[in-house]
There are 2 protein chains.
Amino acid sequence: MEGALHLKLTVRFCTEDNDRCFGPGIATLLRQVQALHSLRAAAASMGMAYSKAWRILRASESSLGYKLLSSTIGGPHGGGAVLTPQGEALLNAYEAYCDQIRIYSEALFQKQFGGGVQIPQE
Amino acid sequence: MEGALHLKLTVRFCTEDNDRCFGPGIATLLRQVQALHSLRAAAASMGMAYSKAWRILRASESSLGYKLLSSTIGGPHGGGAVLTPQGEALLNAYEAYCDQIRIYSEALFQKQFGGGVQIPQE
């Protein structure tokens, strides 16, 4: 399996104690809410328990100090959840930031490890 | 707590299925083995069970296709564990790579988020 290892990068925005973070889990959840207009459906689409989705959402909102989702009543989707403007702005900023780091890191990985971790020569 | 979130980056070298990785856990463990000349002492210094240390070491070695540690018999340290030349080379390369990504990512984080995630303006 030599040379087969690839780069996996995880970007999180964390509280000082690293206890609560805005990372890939909540980001994917928010994108799914945007697509499905429901926290419950978003969680289900990720194979995540609704109670866990609710918990990581509340933890993120508490860390950030603002709401990421707001509830809608009625309307074309028959009520459900949508991202707040702040939630959408943060999600977009997070993803754009991740993309930039990935591009840099992958290029450096290719350069230093030839695209896969090799057995170092003695 | 607005603006208090900082960047936390995790770099892993993973197998294709993302099942097994060389990341911060095994890297810290190897550094501790280097300092303490013992896998058992290294695990204890991290508050990690010896059985877990053994497991992640074996998993990493199996992913990479080479040994990271070798046992010594007798000598100044009375026997124990040392890093193989390949293990040391990989560890150094991993840490140097992480440092470079951190420098880039922190600079970008400062630039884009002013050093802390702020409430986006609507």
# chains A, B, ... in the order shown; residues from 1 in each chain; ligands from 1
>>> interface_residues(of="chain B", to="chain A", cutoff="6 Å", atoms="only C-alpha atoms", output="list in words")
Glu2, Leu5, His6, Leu7, Lys8, Leu9, Thr10, Val11, Arg12, Phe13, Cys14, Thr15, Leu64, Gly65, Gln86 and Pro120 of chain B
>>> write_last_selection(atoms="all heavy atoms", output="compact mmCIF listing (two decimals), in the first residue's frame")
# COMPACT_ATOMS: atom_id res chain seq x y z
N GLU B 2 -18.67 36.41 20.36
CA GLU B 2 -18.43 36.73 18.95
C GLU B 2 -16.96 37.08 18.74
O GLU B 2 -16.34 37.73 19.56
CB GLU B 2 -19.27 37.92 18.50
CG GLU B 2 -20.75 37.66 18.57
CD GLU B 2 -21.28 37.97 19.95
OE1 GLU B 2 -20.77 38.88 20.58
OE2 GLU B 2 -22.21 37.28 20.39
N LEU B 5 -13.68 32.87 17.86
CA LEU B 5 -13.32 31.59 17.26
C LEU B 5 -11.98 31.67 16.54
O LEU B 5 -11.72 32.61 15.81
CB LEU B 5 -14.41 31.14 16.27
CG LEU B 5 -15.81 30.95 16.84
CD1 LEU B 5 -16.69 30.22 15.83
CD2 LEU B 5 -15.79 30.19 18.14
N HIS B 6 -11.16 30.68 16.77
CA HIS B 6 -9.86 30.65 16.09
C HIS B 6 -9.80 29.44 15.16
O HIS B 6 -10.64 28.56 15.19
CB HIS B 6 -8.72 30.60 17.13
CG HIS B 6 -8.68 29.32 17.89
ND1 HIS B 6 -9.42 29.11 19.03
CD2 HIS B 6 -8.01 28.17 17.67
CE1 HIS B 6 -9.20 27.88 19.47
NE2 HIS B 6 -8.35 27.30 18.67
N LEU B 7 -8.75 29.43 14.37
CA LEU B 7 -8.58 28.38 13.37
C LEU B 7 -7.99 27.13 14.00
O LEU B 7 -7.02 27.20 14.76
CB LEU B 7 -7.64 28.89 12.28
CG LEU B 7 -7.22 27.89 11.21
CD1 LEU B 7 -8.42 27.42 10.41
CD2 LEU B 7 -6.18 28.51 10.30
N LYS B 8 -8.56 25.98 13.66
CA LYS B 8 -7.95 24.71 14.05
C LYS B 8 -7.85 23.82 12.81
O LYS B 8 -8.87 23.50 12.19
CB LYS B 8 -8.76 24.02 15.15
CG LYS B 8 -8.02 22.82 15.70
CD LYS B 8 -8.66 22.24 16.94
CE LYS B 8 -7.86 21.03 17.38
NZ LYS B 8 -8.74 19.90 17.71
N LEU B 9 -6.65 23.46 12.48
CA LEU B 9 -6.39 22.73 11.25
C LEU B 9 -5.90 21.33 11.60
O LEU B 9 -5.05 21.18 12.49
CB LEU B 9 -5.28 23.47 10.51
CG LEU B 9 -5.27 23.42 9.00
CD1 LEU B 9 -6.53 24.08 8.44
CD2 LEU B 9 -4.04 24.17 8.50
N THR B 10 -6.44 20.32 10.94
CA THR B 10 -5.95 18.96 11.17
C THR B 10 -5.49 18.38 9.83
O THR B 10 -6.25 18.38 8.86
CB THR B 10 -7.05 18.07 11.78
OG1 THR B 10 -7.59 18.73 12.91
CG2 THR B 10 -6.48 16.73 12.21
N VAL B 11 -4.27 17.91 9.81
CA VAL B 11 -3.68 17.35 8.60
C VAL B 11 -3.50 15.85 8.79
O VAL B 11 -2.92 15.41 9.79
CB VAL B 11 -2.30 17.99 8.32
CG1 VAL B 11 -1.65 17.35 7.10
CG2 VAL B 11 -2.44 19.49 8.15
N ARG B 12 -4.06 15.07 7.88
CA ARG B 12 -3.91 13.62 7.95
C ARG B 12 -3.49 13.07 6.59
O ARG B 12 -3.91 13.58 5.56
CB ARG B 12 -5.23 12.96 8.37
CG ARG B 12 -5.65 13.26 9.79
CD ARG B 12 -6.86 12.40 10.18
NE ARG B 12 -7.27 12.73 11.54
CZ ARG B 12 -8.14 13.67 11.87
NH1 ARG B 12 -8.71 14.40 10.92
NH2 ARG B 12 -8.45 13.90 13.13
N PHE B 13 -2.69 12.03 6.63
CA PHE B 13 -2.37 11.27 5.42
C PHE B 13 -3.16 9.98 5.53
O PHE B 13 -2.92 9.18 6.43
CB PHE B 13 -0.87 10.97 5.33
CG PHE B 13 0.00 12.20 5.26
CD1 PHE B 13 1.32 12.14 5.69
CD2 PHE B 13 -0.47 13.40 4.77
CE1 PHE B 13 2.15 13.25 5.62
CE2 PHE B 13 0.34 14.52 4.70
CZ PHE B 13 1.66 14.45 5.13
N CYS B 14 -4.10 9.77 4.62
CA CYS B 14 -5.07 8.69 4.78
C CYS B 14 -5.03 7.66 3.66
O CYS B 14 -4.67 7.98 2.53
CB CYS B 14 -6.50 9.26 4.84
SG CYS B 14 -6.81 10.21 6.33
N THR B 15 -5.47 6.45 4.01
CA THR B 15 -5.68 5.43 2.98
C THR B 15 -6.90 5.83 2.15
O THR B 15 -7.67 6.71 2.53
CB THR B 15 -5.95 4.05 3.63
OG1 THR B 15 -6.97 4.21 4.62
CG2 THR B 15 -4.70 3.52 4.32
N LEU B 64 1.22 2.21 5.84
CA LEU B 64 2.42 2.73 5.20
C LEU B 64 3.23 1.62 4.53
O LEU B 64 3.91 1.86 3.53
CB LEU B 64 3.30 3.44 6.23
CG LEU B 64 2.73 4.75 6.79
CD1 LEU B 64 3.42 5.12 8.10
CD2 LEU B 64 2.89 5.87 5.77
N GLY B 65 3.14 0.41 5.10
CA GLY B 65 3.93 -0.69 4.56
C GLY B 65 5.33 -0.77 5.13
O GLY B 65 6.18 -1.46 4.58
N GLN B 86 12.93 5.32 8.69
CA GLN B 86 11.76 5.69 7.89
C GLN B 86 10.73 6.42 8.74
O GLN B 86 10.10 7.37 8.28
CB GLN B 86 11.08 4.45 7.27
CG GLN B 86 11.91 3.72 6.23
CD GLN B 86 12.66 2.55 6.85
OE1 GLN B 86 13.03 2.58 8.03
NE2 GLN B 86 12.88 1.52 6.05
N PRO B 120 -20.99 38.14 10.45
CA PRO B 120 -21.02 38.76 9.13
C PRO B 120 -22.07 39.87 9.11
O PRO B 120 -23.13 39.75 9.71
CB PRO B 120 -21.44 37.61 8.21
CG PRO B 120 -21.23 36.36 9.00
CD PRO B 120 -21.40 36.74 10.44
>>> residues_around(residues="stretch 42-47 of chain B", least_positions_apart="3", cutoff="7 Å", atoms="only C-alpha atoms", output="list in words")
Leu29, Gln32, Val33, Leu36, Ser38, Leu39, Tyr50 and Ala53 of chain B
>>> atom_distance(atom1="atom CA of A:Leu91", atom2="atom CA of A:Leu57")
12.8 Å
>>> decode(residues="stretch 50-61 of chain A", atoms="all heavy atoms", output="PDB file, in the first residue's frame")
ATOM      1  N   TYR A  50     -31.521  13.170  14.354  1.00  0.00           N
ATOM      2  CA  TYR A  50     -32.049  14.535  14.440  1.00  0.00           C
ATOM      3  C   TYR A  50     -31.586  15.214  15.728  1.00  0.00           C
ATOM      4  O   TYR A  50     -31.250  16.402  15.737  1.00  0.00           O
ATOM      5  CB  TYR A  50     -33.581  14.490  14.377  1.00  0.00           C
ATOM      6  CG  TYR A  50     -34.243  15.840  14.520  1.00  0.00           C
ATOM      7  CD1 TYR A  50     -34.036  16.836  13.562  1.00  0.00           C
ATOM      8  CD2 TYR A  50     -35.075  16.122  15.599  1.00  0.00           C
ATOM      9  CE1 TYR A  50     -34.628  18.079  13.693  1.00  0.00           C
ATOM     10  CE2 TYR A  50     -35.677  17.355  15.730  1.00  0.00           C
ATOM     11  CZ  TYR A  50     -35.447  18.324  14.777  1.00  0.00           C
ATOM     12  OH  TYR A  50     -36.045  19.561  14.911  1.00  0.00           O
ATOM     13  N   SER A  51     -31.547  14.442  16.803  1.00  0.00           N
ATOM     14  CA  SER A  51     -31.127  15.007  18.095  1.00  0.00           C
ATOM     15  C   SER A  51     -29.672  15.481  18.034  1.00  0.00           C
ATOM     16  O   SER A  51     -29.318  16.500  18.628  1.00  0.00           O
ATOM     17  CB  SER A  51     -31.294  13.972  19.206  1.00  0.00           C
ATOM     18  OG  SER A  51     -30.540  12.814  18.911  1.00  0.00           O
ATOM     19  N   LYS A  52     -28.843  14.771  17.278  1.00  0.00           N
ATOM     20  CA  LYS A  52     -27.442  15.182  17.149  1.00  0.00           C
ATOM     21  C   LYS A  52     -27.339  16.449  16.294  1.00  0.00           C
ATOM     22  O   LYS A  52     -26.582  17.372  16.612  1.00  0.00           O
ATOM     23  CB  LYS A  52     -26.601  14.060  16.527  1.00  0.00           C
ATOM     24  CG  LYS A  52     -25.130  14.434  16.453  1.00  0.00           C
ATOM     25  CD  LYS A  52     -24.242  13.345  15.872  1.00  0.00           C
ATOM     26  CE  LYS A  52     -22.807  13.862  15.750  1.00  0.00           C
ATOM     27  NZ  LYS A  52     -21.934  12.887  15.079  1.00  0.00           N
ATOM     28  N   ALA A  53     -28.110  16.494  15.217  1.00  0.00           N
ATOM     29  CA  ALA A  53     -28.125  17.671  14.347  1.00  0.00           C
ATOM     30  C   ALA A  53     -28.539  18.909  15.145  1.00  0.00           C
ATOM     31  O   ALA A  53     -27.927  19.977  15.035  1.00  0.00           O
ATOM     32  CB  ALA A  53     -29.080  17.439  13.168  1.00  0.00           C
ATOM     33  N   TRP A  54     -29.567  18.744  15.941  1.00  0.00           N
ATOM     34  CA  TRP A  54     -30.064  19.834  16.782  1.00  0.00           C
ATOM     35  C   TRP A  54     -28.974  20.283  17.761  1.00  0.00           C
ATOM     36  O   TRP A  54     -28.751  21.472  17.963  1.00  0.00           O
ATOM     37  CB  TRP A  54     -31.315  19.340  17.542  1.00  0.00           C
ATOM     38  CG  TRP A  54     -31.930  20.372  18.418  1.00  0.00           C
ATOM     39  CD1 TRP A  54     -31.770  20.511  19.770  1.00  0.00           C
ATOM     40  CD2 TRP A  54     -32.818  21.425  18.015  1.00  0.00           C
ATOM     41  NE1 TRP A  54     -32.497  21.570  20.238  1.00  0.00           N
ATOM     42  CE2 TRP A  54     -33.151  22.155  19.182  1.00  0.00           C
ATOM     43  CE3 TRP A  54     -33.366  21.819  16.794  1.00  0.00           C
ATOM     44  CZ2 TRP A  54     -34.004  23.263  19.154  1.00  0.00           C
ATOM     45  CZ3 TRP A  54     -34.211  22.915  16.761  1.00  0.00           C
ATOM     46  CH2 TRP A  54     -34.518  23.627  17.928  1.00  0.00           C
ATOM     47  N   ARG A  55     -28.277  19.328  18.331  1.00  0.00           N
ATOM     48  CA  ARG A  55     -27.243  19.613  19.325  1.00  0.00           C
ATOM     49  C   ARG A  55     -26.062  20.371  18.703  1.00  0.00           C
ATOM     50  O   ARG A  55     -25.605  21.371  19.256  1.00  0.00           O
ATOM     51  CB  ARG A  55     -26.751  18.293  19.946  1.00  0.00           C
ATOM     52  CG  ARG A  55     -26.131  18.429  21.307  1.00  0.00           C
ATOM     53  CD  ARG A  55     -25.960  17.075  21.988  1.00  0.00           C
ATOM     54  NE  ARG A  55     -25.129  16.164  21.217  1.00  0.00           N
ATOM     55  CZ  ARG A  55     -25.533  15.001  20.739  1.00  0.00           C
ATOM     56  NH1 ARG A  55     -26.763  14.568  20.957  1.00  0.00           N
ATOM     57  NH2 ARG A  55     -24.712  14.224  20.055  1.00  0.00           N
ATOM     58  N   ILE A  56     -25.572  19.904  17.553  1.00  0.00           N
ATOM     59  CA  ILE A  56     -24.411  20.594  16.970  1.00  0.00           C
ATOM     60  C   ILE A  56     -24.811  21.964  16.419  1.00  0.00           C
ATOM     61  O   ILE A  56     -24.022  22.895  16.441  1.00  0.00           O
ATOM     62  CB  ILE A  56     -23.659  19.740  15.908  1.00  0.00           C
ATOM     63  CG1 ILE A  56     -24.455  19.555  14.625  1.00  0.00           C
ATOM     64  CG2 ILE A  56     -23.246  18.390  16.462  1.00  0.00           C
ATOM     65  CD1 ILE A  56     -23.626  18.922  13.498  1.00  0.00           C
ATOM     66  N   LEU A  57     -26.064  22.074  15.987  1.00  0.00           N
ATOM     67  CA  LEU A  57     -26.537  23.384  15.537  1.00  0.00           C
ATOM     68  C   LEU A  57     -26.574  24.368  16.697  1.00  0.00           C
ATOM     69  O   LEU A  57     -26.053  25.492  16.597  1.00  0.00           O
ATOM     70  CB  LEU A  57     -27.933  23.238  14.916  1.00  0.00           C
ATOM     71  CG  LEU A  57     -28.573  24.557  14.476  1.00  0.00           C
ATOM     72  CD1 LEU A  57     -27.858  25.125  13.264  1.00  0.00           C
ATOM     73  CD2 LEU A  57     -30.062  24.372  14.186  1.00  0.00           C
ATOM     74  N   ARG A  58     -27.158  23.950  17.818  1.00  0.00           N
ATOM     75  CA  ARG A  58     -27.272  24.834  18.992  1.00  0.00           C
ATOM     76  C   ARG A  58     -25.892  25.188  19.542  1.00  0.00           C
ATOM     77  O   ARG A  58     -25.649  26.314  19.960  1.00  0.00           O
ATOM     78  CB  ARG A  58     -28.114  24.162  20.091  1.00  0.00           C
ATOM     79  CG  ARG A  58     -29.599  24.145  19.798  1.00  0.00           C
ATOM     80  CD  ARG A  58     -30.204  25.559  19.883  1.00  0.00           C
ATOM     81  NE  ARG A  58     -31.538  25.579  19.267  1.00  0.00           N
ATOM     82  CZ  ARG A  58     -31.750  25.908  17.995  1.00  0.00           C
ATOM     83  NH1 ARG A  58     -30.760  26.280  17.207  1.00  0.00           N
ATOM     84  NH2 ARG A  58     -32.973  25.903  17.502  1.00  0.00           N
ATOM     85  N   ALA A  59     -24.977  24.195  19.535  1.00  0.00           N
ATOM     86  CA  ALA A  59     -23.613  24.443  20.039  1.00  0.00           C
ATOM     87  C   ALA A  59     -22.904  25.487  19.168  1.00  0.00           C
ATOM     88  O   ALA A  59     -22.243  26.389  19.679  1.00  0.00           O
ATOM     89  CB  ALA A  59     -22.823  23.137  20.068  1.00  0.00           C
ATOM     90  N   SER A  60     -23.054  25.354  17.856  1.00  0.00           N
ATOM     91  CA  SER A  60     -22.434  26.313  16.937  1.00  0.00           C
ATOM     92  C   SER A  60     -23.034  27.702  17.134  1.00  0.00           C
ATOM     93  O   SER A  60     -22.302  28.695  17.211  1.00  0.00           O
ATOM     94  CB  SER A  60     -22.648  25.897  15.471  1.00  0.00           C
ATOM     95  OG  SER A  60     -21.671  24.960  15.083  1.00  0.00           O
ATOM     96  N   GLU A  61     -24.352  27.763  17.222  1.00  0.00           N
ATOM     97  CA  GLU A  61     -25.013  29.061  17.397  1.00  0.00           C
ATOM     98  C   GLU A  61     -24.572  29.720  18.693  1.00  0.00           C
ATOM     99  O   GLU A  61     -24.352  30.931  18.747  1.00  0.00           O
ATOM    100  CB  GLU A  61     -26.541  28.880  17.375  1.00  0.00           C
ATOM    101  CG  GLU A  61     -27.068  28.548  15.988  1.00  0.00           C
ATOM    102  CD  GLU A  61     -28.578  28.380  15.933  1.00  0.00           C
ATOM    103  OE1 GLU A  61     -29.199  28.108  16.982  1.00  0.00           O
ATOM    104  OE2 GLU A  61     -29.144  28.513  14.841  1.00  0.00           O
TER     105      GLU A  61
END
